[in-house]
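Peer 1: One file is attached below, structure.pdb, containing PDB, C-alpha atoms.
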MODEL        1
ATOM      1  CA  MET A   1     -22.217  34.768   8.816
ATOM      2  CA  LEU A   2     -20.746  31.557  10.198
ATOM      3  CA  THR A   3     -18.302  29.423   8.257
ATOM      4  CA  ILE A   4     -16.866  25.926   8.723
ATOM      5  CA  ARG A   5     -13.171  25.853   7.901
ATOM      6  CA  PHE A   6      -9.707  24.522   8.742
ATOM      7  CA  ASN A   7      -7.652  25.925  11.611
ATOM      8  CA  ARG A   8      -3.977  24.991  11.255
ATOM      9  CA  THR A   9      -2.164  23.530  14.260
ATOM     10  CA  GLY A  10       0.985  21.468  14.678
ATOM     11  CA  LYS A  11       4.649  22.087  14.045
ATOM     12  CA  ARG A  12       6.411  23.451  10.993
ATOM     13  CA  ASN A  13       6.428  20.842   8.184
ATOM     14  CA  LYS A  14       4.049  18.669  10.273
ATOM     15  CA  ALA A  15       0.729  20.451   9.862
ATOM     16  CA  GLN A  16      -2.520  19.238  11.361
ATOM     17  CA  PHE A  17      -5.880  20.905  11.039
ATOM     18  CA  ARG A  18      -8.931  21.360  13.215
ATOM     19  CA  ILE A  19     -12.322  21.764  11.577
ATOM     20  CA  VAL A  20     -14.010  24.655  13.374
ATOM     21  CA  VAL A  21     -17.059  26.912  13.193
ATOM     22  CA  GLN A  22     -16.123  30.612  13.145
ATOM     23  CA  GLU A  23     -17.542  33.959  12.213
ATOM     24  CA  HIS A  24     -16.334  34.635   8.660
ATOM     25  CA  THR A  25     -14.688  37.931   9.667
ATOM     26  CA  VAL A  26     -12.400  36.280  12.253
ATOM     27  CA  ALA A  27      -8.891  35.197  11.225
ATOM     28  CA  PRO A  28      -8.633  31.405  10.681
ATOM     29  CA  GLY A  29      -6.396  30.972  13.733
ATOM     30  CA  GLY A  30      -8.598  33.171  15.909
ATOM     31  CA  ARG A  31     -11.518  32.585  18.214
ATOM     32  CA  HIS A  32     -13.841  29.742  17.239
ATOM     33  CA  ILE A  33     -17.321  28.729  18.362
ATOM     34  CA  GLU A  34     -16.924  24.948  18.286
ATOM     35  CA  ILE A  35     -14.452  22.282  17.149
ATOM     36  CA  LEU A  36     -16.059  19.834  14.718
ATOM     37  CA  GLY A  37     -13.175  17.466  14.089
ATOM     38  CA  SER A  38      -9.579  17.200  12.943
ATOM     39  CA  TYR A  39      -7.595  16.225   9.848
ATOM     40  CA  ASP A  40      -4.028  14.958   9.427
ATOM     41  CA  PRO A  41      -2.907  15.449   5.804
ATOM     42  CA  HIS A  42       0.249  13.329   6.255
ATOM     43  CA  LEU A  43      -1.666  10.221   7.276
ATOM     44  CA  LYS A  44      -4.757  11.203   5.216
ATOM     45  CA  ARG A  45      -6.848  10.575   8.321
ATOM     46  CA  GLY A  46      -9.740  12.658   9.567
ATOM     47  CA  VAL A  47     -11.954  12.539  12.626
ATOM     48  CA  PHE A  48     -15.291  14.277  12.151
ATOM     49  CA  LYS A  49     -18.341  14.929  14.333
ATOM     50  CA  ASN A  50     -20.901  14.385  11.566
ATOM     51  CA  ASP A  51     -23.936  15.196  13.708
ATOM     52  CA  LYS A  52     -22.443  18.548  14.767
ATOM     53  CA  ILE A  53     -21.431  19.395  11.188
ATOM     54  CA  LYS A  54     -24.966  18.727   9.946
ATOM     55  CA  TYR A  55     -26.376  20.781  12.847
ATOM     56  CA  TRP A  56     -24.301  23.859  11.950
ATOM     57  CA  ILE A  57     -25.051  23.567   8.228
ATOM     58  CA  GLU A  58     -28.771  23.475   9.057
ATOM     59  CA  LYS A  59     -28.278  26.615  11.181
ATOM     60  CA  GLY A  60     -26.888  28.386   8.095
ATOM     61  CA  ALA A  61     -23.116  27.950   8.383
ATOM     62  CA  GLN A  62     -21.318  28.005   5.025
ATOM     63  CA  VAL A  63     -18.571  25.477   4.274
ATOM     64  CA  SER A  64     -15.269  26.884   2.984
ATOM     65  CA  ASP A  65     -13.818  25.738  -0.345
ATOM     66  CA  SER A  66     -11.125  23.663   1.354
TER      67      SER A  66
ENDMDL
END
Let me see the structure of the file written as structure tokens.
Peer 2:
Amino acid sequence: MLTIRFNRTGKRNKAQFRIVVQEHTVAPGGRHIEILGSYDPHLKRGVFKNDKIKYWIEKGAQVSDS
């Protein structure tokens, strides 16, 4: 099953996240299928590819709780 979730990047105490599509059995930092956007929690700013997110949800990808 595919899942859409955060993948942490950035330095210590300066986290940034990528929104990725992965197989649910793969570790969050592991191999991903596609990058769907990014999120910076310090600036509260996100960049999302809405059309790609909708595409993967229609294909059956589940969105994580985060």
Peer 1: Could you spell out the hits of the PyMOL selection byres ((chain A and resi 19-23) around 7) on the shown file, as a count of residues only?
Peer 2: 19
Peer 1: At what distance in Å, to one decimal, does atom CA of A:Lys44 lie from atom CA of A:Trp56?
Peer 2: 24.2 Å
Peer 1: Using all atoms of stretch 22-41 of chain A that appear in the file, construct an axis-aligned enclosing box with 3 Å of padding on every side and provide its centre coordinates and edge lengths in Å, rounded to one decimal, as JSON.
Peer 2:
{"center_x": -10.2, "center_y": 26.4, "center_z": 12.1, "size_x": 20.6, "size_y": 29.0, "size_z": 18.6}
Peer 1: Report, in Å with one decimal, the straight-line distance from atom CA of A:Asp40 to atom CA of A:Gln16.
Peer 2: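 Atom CA of A:Asp40 sits 4.9 Å away from atom CA of A:Gln16.
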Peer 1: Please compute the atom CA of A:Val47-atom CA of A:Arg31 distance, one decimal, in Å.
Peer 2: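 Between these atoms lies a distance of 20.8 Å.
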Peer 1: Between A:Ala15, A:Ala27, A:Ile57, A:Val63, which one has atoms that come closest to A:Pro41, using all atoms listed in the file?
Peer 2: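 Distance minimum relative to A:Pro41 lands on A:Ala15.
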Peer 1: So that I can check the surroundings of A:Lys14, please list as JSON, numbers by chain every protein, DNA and RNA residue that reaches within 12 Å of it, counting only C-alpha atoms and ignoring chain neighbours fewer than 3 positions away.
Peer 2: {"A": [8, 9, 10, 11, 17, 39, 40, 41, 42, 43]}
